[in-house]
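**Q** To start, I am sharing the structure in question, which I have written as structure tokens.
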Amino acid sequence: MLKRRYIIYADESDRKGRYYSNFFGGVVLDQVEQQSINEILNKKKHELGINGEIKWQYVDQSRVERYEEFIKLYFSFISESKIRLRIMFTQNMHVPNALEPRSHKEQYFVLYYQFIKHAFGIAHSNPDALDKVYFTILPDKLPDSQQNVEKFKDFLCRIPETRHVKDRKIFIPRSDIADVDSKEHVILQGLDLILGSVCARLNSSFDQKPPGKRIRGKRTRAKERLYKTINRQIRLIYPNFNIGVTTACPNGNRDRWSQPYRHWVFTPKSYTLDRSLGKKTTPTLPTNLPRKA
């Protein structure tokens, strides 16, 4: 029986935004591709004269052109499905019902768990169960107590025991779950740019102006420029992509595993719709369809 091994890198962004909150992002790749992708991306950073970590918060006019070149290369791996990227977020106008204080406190890890379990389509990674499939999970440093972090890892390693994954020969060894420093992982750095840009666009951050000013700041304009470059790259894969809705599955649930790029608007099972917390026009139907082969 063959063994296949995959790596999931994961990160999180704004927990509370103007219209959308609880942003999580991640990529999944075949372990055999990890070294070569790292080498190519790090070589590109060196060629561009980028010595430190690439981060969305560092985007300004002096860096934006180099970041654009880097992200175009990053998307070349996504378009080839060597890197498959997933983003999840919640919509503020979906207000959860009867959320207990304990649930509020644990919401971060509960949502992170749901993201890892469902967004990558792990349950559909081994449909015939002919091979053994192993996952290594590497989230960026988790901002919580060590006790809570270890508890979170305990839940992650038990994903293969859950109803939709059980009996599919999928394994997540506890020893293969470790939070890492994005400074040392260039694949996480590219993810940070994409996740940050999506978060900024959905929460209308590019419209903001400094107090007392008539025009937007230079950094805001640089970030919008980078977002537009990222959006164009997404649309090369999905021509009519809408970032604010859940990506469709025209080929069924297998798409959750195989599609190169997906968004997921996480909606509570029970919620009250408060339209005052949303934008004037809010899409509600999944319209993202991939480019035909």
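Chain labels run A, B, ... following the order of the structure tokens; each chain numbers its residues from 1, and ligands are numbered from 1 in the order shown.
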Write out as a count of residues only all residues of stretch 104-218 of chain A that DSSP puts in strand (DSSP E or B) for this structure's backbone.
**A** 13
**Q** I'd like the contact shell of A:Lys141 - 8 Å cut-off, only C-alpha atoms, skipping same-chain residues fewer than 3 positions apart - returned as JSON, numbers by chain.
**A** {"A": [179, 180, 181, 182]}
**Q** List every residue of stretch 4-60 of chain A that has an atom at most 10 Å from any atom of stretch 224-227 of chain A, and for each one report the closest atom pair and its distance in Å to one decimal, counting only C-alpha atoms, with rows sorted by chain and then by increasing residue number, as a Markdown table.
**A**
```
| residue | atom | partner | partner_atom | distance |
| --- | --- | --- | --- | --- |
| A:Trp56 | CA | A:Leu226 | CA | 9.5 |
| A:Val59 | CA | A:Leu226 | CA | 8.3 |
| A:Asp60 | CA | A:Leu226 | CA | 9.6 |
```
**Q** Output N, CA, C and O atoms for every residue in the selection just made, as a PDB file, in the first residue's frame.
**A**
```
ATOM      1  N   TRP A  56       1.918  41.263   4.573  1.00  0.00           N
ATOM      2  CA  TRP A  56       0.934  42.237   4.108  1.00  0.00           C
ATOM      3  C   TRP A  56       1.119  43.571   4.819  1.00  0.00           C
ATOM      4  O   TRP A  56       0.994  44.628   4.195  1.00  0.00           O
ATOM      5  N   VAL A  59       3.553  46.144   3.211  1.00  0.00           N
ATOM      6  CA  VAL A  59       3.340  46.671   1.862  1.00  0.00           C
ATOM      7  C   VAL A  59       3.343  48.190   1.874  1.00  0.00           C
ATOM      8  O   VAL A  59       2.619  48.828   2.643  1.00  0.00           O
ATOM      9  N   ASP A  60       4.182  48.783   1.031  1.00  0.00           N
ATOM     10  CA  ASP A  60       4.190  50.231   0.823  1.00  0.00           C
ATOM     11  C   ASP A  60       4.692  50.483  -0.593  1.00  0.00           C
ATOM     12  O   ASP A  60       4.955  49.549  -1.358  1.00  0.00           O
TER      13      ASP A  60
END
```
**Q** I'd like to know which residues of stretch 112-252 of chain A are alpha helix (DSSP H) (by DSSP, run on the backbone); could you write them as a ChimeraX atom specification?
**A** /A:112-114,146-157,186-202,218-237
**Q** Which of these, A:Lys45, A:Arg168, A:Lys209, A:His118, has the shortest distance to A:Leu130 once you count only C-alpha atoms?
**A**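 Residue with the minimum atom-to-atom distance to A:Leu130: A:Arg168.
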**Q** So which residues touch A:Arg15 within 10 Å, counting only C-alpha atoms, skipping near sequence neighbours fewer than 2 positions away, as a VMD selection string?
**A** chain A and resid 12 to 13 17 20 to 24 89 to 90 107 to 108
**Q** Output N, CA and C atoms for every residue in the selection just made, as a PDB file, in the first residue's frame.
**A**
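So the final result, stored in out-v8.pdb, reads:
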```pdb
ATOM      1  N   GLU A  12      -3.881  32.978  10.301  1.00  0.00           N
ATOM      2  CA  GLU A  12      -5.125  33.711  10.565  1.00  0.00           C
ATOM      3  C   GLU A  12      -4.869  35.199  10.472  1.00  0.00           C
ATOM      4  N   SER A  13      -5.949  35.951  10.220  1.00  0.00           N
ATOM      5  CA  SER A  13      -5.834  37.397  10.115  1.00  0.00           C
ATOM      6  C   SER A  13      -6.865  38.029  11.040  1.00  0.00           C
ATOM      7  N   GLY A  17     -13.604  42.456  11.817  1.00  0.00           N
ATOM      8  CA  GLY A  17     -13.515  43.456  10.769  1.00  0.00           C
ATOM      9  C   GLY A  17     -14.803  44.229  10.643  1.00  0.00           C
ATOM     10  N   TYR A  20     -16.645  41.722   7.698  1.00  0.00           N
ATOM     11  CA  TYR A  20     -16.284  40.310   7.751  1.00  0.00           C
ATOM     12  C   TYR A  20     -15.222  40.109   8.825  1.00  0.00           C
ATOM     13  N   SER A  21     -15.249  38.944   9.460  1.00  0.00           N
ATOM     14  CA  SER A  21     -14.326  38.678  10.576  1.00  0.00           C
ATOM     15  C   SER A  21     -13.808  37.239  10.504  1.00  0.00           C
ATOM     16  N   ASN A  22     -12.938  36.911  11.465  1.00  0.00           N
ATOM     17  CA  ASN A  22     -12.434  35.539  11.642  1.00  0.00           C
ATOM     18  C   ASN A  22     -11.825  34.977  10.354  1.00  0.00           C
ATOM     19  N   PHE A  23     -10.814  35.655   9.856  1.00  0.00           N
ATOM     20  CA  PHE A  23     -10.165  35.231   8.618  1.00  0.00           C
ATOM     21  C   PHE A  23      -9.107  34.163   8.900  1.00  0.00           C
ATOM     22  N   PHE A  24      -9.229  33.053   8.175  1.00  0.00           N
ATOM     23  CA  PHE A  24      -8.242  31.979   8.240  1.00  0.00           C
ATOM     24  C   PHE A  24      -7.818  31.638   6.820  1.00  0.00           C
ATOM     25  N   PHE A  89     -13.811  32.833   6.177  1.00  0.00           N
ATOM     26  CA  PHE A  89     -14.135  34.011   6.980  1.00  0.00           C
ATOM     27  C   PHE A  89     -15.609  33.972   7.330  1.00  0.00           C
ATOM     28  N   THR A  90     -15.998  34.788   8.282  1.00  0.00           N
ATOM     29  CA  THR A  90     -17.400  34.901   8.661  1.00  0.00           C
ATOM     30  C   THR A  90     -17.937  36.265   8.249  1.00  0.00           C
ATOM     31  N   GLN A 107     -13.997  30.576  20.620  1.00  0.00           N
ATOM     32  CA  GLN A 107     -14.408  30.698  19.229  1.00  0.00           C
ATOM     33  C   GLN A 107     -13.233  30.623  18.266  1.00  0.00           C
ATOM     34  N   TYR A 108     -12.124  31.221  18.615  1.00  0.00           N
ATOM     35  CA  TYR A 108     -10.958  31.237  17.729  1.00  0.00           C
ATOM     36  C   TYR A 108     -10.525  29.829  17.369  1.00  0.00           C
TER      37      TYR A 108
END
```
**Q** Applying 12 Å and only C-alpha atoms, which residues near A:Lys151 remain after dropping the ones on its own chain fewer than 3 positions away? List them as a ChimeraX atom specification.
**A** /A:106,109-110,113,142,144-148,154-158,174,177
**Q** Could you pull the residues within 12 Å of A:Gln61, counting only C-alpha atoms, minus those fewer than 4 positions along the same chain, as a list in words?
**A**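 Counting only the stated atoms, we get Glu65, Arg66, Tyr67, Glu68, Gly217, Lys218, Arg219, Thr220, Arg221, Ala222, Lys223, Glu224, Arg225 and Leu226 of chain A.
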**Q** Restrict the selected residues to N, CA, C and O atoms and save them as an mmCIF file, in the first residue's frame.
**A**
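In the end it all went to result.cif:
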```cif
data_model
loop_
_atom_site.group_PDB
_atom_site.id
_atom_site.type_symbol
_atom_site.label_atom_id
_atom_site.label_comp_id
_atom_site.auth_asym_id
_atom_site.auth_seq_id
_atom_site.Cartn_x
_atom_site.Cartn_y
_atom_site.Cartn_z
ATOM 1 N N GLU A 65 5.997 46.854 -5.953
ATOM 2 C CA GLU A 65 6.348 46.272 -7.250
ATOM 3 C C GLU A 65 7.053 44.931 -7.079
ATOM 4 O O GLU A 65 6.774 43.959 -7.793
ATOM 5 N N ARG A 66 7.953 44.835 -6.097
ATOM 6 C CA ARG A 66 8.649 43.568 -5.846
ATOM 7 C C ARG A 66 7.697 42.509 -5.305
ATOM 8 O O ARG A 66 7.789 41.332 -5.676
ATOM 9 N N TYR A 67 6.768 42.925 -4.447
ATOM 10 C CA TYR A 67 5.781 41.991 -3.930
ATOM 11 C C TYR A 67 4.882 41.466 -5.057
ATOM 12 O O TYR A 67 4.473 40.299 -5.046
ATOM 13 N N GLU A 68 4.571 42.326 -6.024
ATOM 14 C CA GLU A 68 3.761 41.891 -7.160
ATOM 15 C C GLU A 68 4.482 40.801 -7.950
ATOM 16 O O GLU A 68 3.861 39.800 -8.357
ATOM 17 N N GLY A 217 -3.930 57.565 1.785
ATOM 18 C CA GLY A 217 -2.499 57.532 2.017
ATOM 19 C C GLY A 217 -1.769 56.690 0.973
ATOM 20 O O GLY A 217 -2.351 55.828 0.307
ATOM 21 N N LYS A 218 -0.469 56.907 0.849
ATOM 22 C CA LYS A 218 0.339 56.190 -0.136
ATOM 23 C C LYS A 218 0.356 54.689 0.140
ATOM 24 O O LYS A 218 0.314 53.876 -0.779
ATOM 25 N N ARG A 219 0.425 54.319 1.411
ATOM 26 C CA ARG A 219 0.462 52.893 1.749
ATOM 27 C C ARG A 219 -0.858 52.217 1.390
ATOM 28 O O ARG A 219 -0.867 51.086 0.891
ATOM 29 N N THR A 220 -1.977 52.907 1.632
ATOM 30 C CA THR A 220 -3.283 52.354 1.278
ATOM 31 C C THR A 220 -3.372 52.121 -0.220
ATOM 32 O O THR A 220 -3.860 51.077 -0.682
ATOM 33 N N ARG A 221 -2.874 53.077 -1.011
ATOM 34 C CA ARG A 221 -2.922 52.927 -2.458
ATOM 35 C C ARG A 221 -2.005 51.802 -2.927
ATOM 36 O O ARG A 221 -2.319 51.073 -3.881
ATOM 37 N N ALA A 222 -0.866 51.644 -2.258
ATOM 38 C CA ALA A 222 0.050 50.546 -2.606
ATOM 39 C C ALA A 222 -0.592 49.196 -2.313
ATOM 40 O O ALA A 222 -0.480 48.251 -3.106
ATOM 41 N N LYS A 223 -1.287 49.114 -1.195
ATOM 42 C CA LYS A 223 -1.959 47.859 -0.841
ATOM 43 C C LYS A 223 -3.090 47.548 -1.823
ATOM 44 O O LYS A 223 -3.283 46.381 -2.201
ATOM 45 N N GLU A 224 -3.821 48.565 -2.229
ATOM 46 C CA GLU A 224 -4.879 48.330 -3.209
ATOM 47 C C GLU A 224 -4.284 47.854 -4.532
ATOM 48 O O GLU A 224 -4.844 46.966 -5.190
ATOM 49 N N ARG A 225 -3.163 48.408 -4.917
ATOM 50 C CA ARG A 225 -2.498 47.985 -6.151
ATOM 51 C C ARG A 225 -2.124 46.504 -6.069
ATOM 52 O O ARG A 225 -2.355 45.749 -7.018
ATOM 53 N N LEU A 226 -1.566 46.084 -4.944
ATOM 54 C CA LEU A 226 -1.198 44.678 -4.777
ATOM 55 C C LEU A 226 -2.439 43.794 -4.774
ATOM 56 O O LEU A 226 -2.436 42.703 -5.377
#
```
**Q** Report the closest atom pair, with its distance in Å rounded to one decimal, for each residue of stretch 113-137 of chain A that has an atom no farther than 9 Å from stretch 253-261 of chain A; count only C-alpha atoms, sort by chain and then rising residue number, and write it as a tab-separated table.
**A**
```
residue	atom	partner	partner_atom	distance
A:His118	CA	A:Arg256	CA	8.2
A:Ala119	CA	A:Arg256	CA	6.9
A:Phe120	CA	A:Trp257	CA	5.5
A:Gly121	CA	A:Trp257	CA	4.2
A:Ile122	CA	A:Trp257	CA	6.6
A:Ala123	CA	A:Trp257	CA	8.2
A:His124	CA	A:Arg254	CA	5.7
A:Ser125	CA	A:Trp257	CA	6.0
A:Pro127	CA	A:Arg254	CA	8.5
```
**Q** Would you compute the distance between atom CA of A:Phe171 and atom CA of A:Tyr134? Give it in Å to one decimal.
**A**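 Rounded to one decimal, the two atoms are 4.7 Å apart.
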**Q** Ranking A:Asp176, A:Glu33, A:Asp192, A:Glu53 by minimum distance to A:Glu80 and counting only C-alpha atoms, which one comes first?
**A**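 Looking only at the distances to A:Glu80, the closest residue turns out to be A:Glu33.
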**Q** What's the separation between atom CA of A:His263 and atom CA of A:Ile87, in Å to one decimal place?
**A**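 Going from atom CA of A:His263 over to atom CA of A:Ile87 covers 4.9 Å.
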**Q** Measuring atom to atom with only C-alpha atoms, identify which of A:Gln34, A:Val64, A:Leu111, A:Leu41 is nearest to A:Ile83.
**A** A:Gln34
**Q** Between atom CA of A:Leu29 and atom CA of A:Gly196, what distance in Å does the model show, to one decimal?
**A**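 Interatomic distance, atom CA of A:Leu29 to atom CA of A:Gly196: 20.7 Å.
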**Q** For A:Ala10, work out the shell of residues within 8 Å, counting only C-alpha atoms and skipping chain neighbours fewer than 5 positions away, then give it as a short mmCIF file (atom, residue, chain, number, x, y, z; two decimals) with C-alpha atoms, in the first residue's frame.
**A**
```cif
data_model
loop_
_atom_site.label_atom_id
_atom_site.label_comp_id
_atom_site.auth_asym_id
_atom_site.auth_seq_id
_atom_site.Cartn_x
_atom_site.Cartn_y
_atom_site.Cartn_z
CA PHE A 24 -8.24 31.98 8.24
CA GLY A 25 -6.05 30.97 5.33
CA GLY A 26 -4.04 27.94 4.38
CA VAL A 27 -2.34 26.00 1.63
CA ILE A 137 -0.18 20.55 9.85
CA LEU A 138 1.95 23.67 10.34
CA PRO A 139 0.00 26.72 11.55
CA ASP A 140 1.80 30.02 12.07
CA LEU A 188 3.42 31.07 4.65
#
```
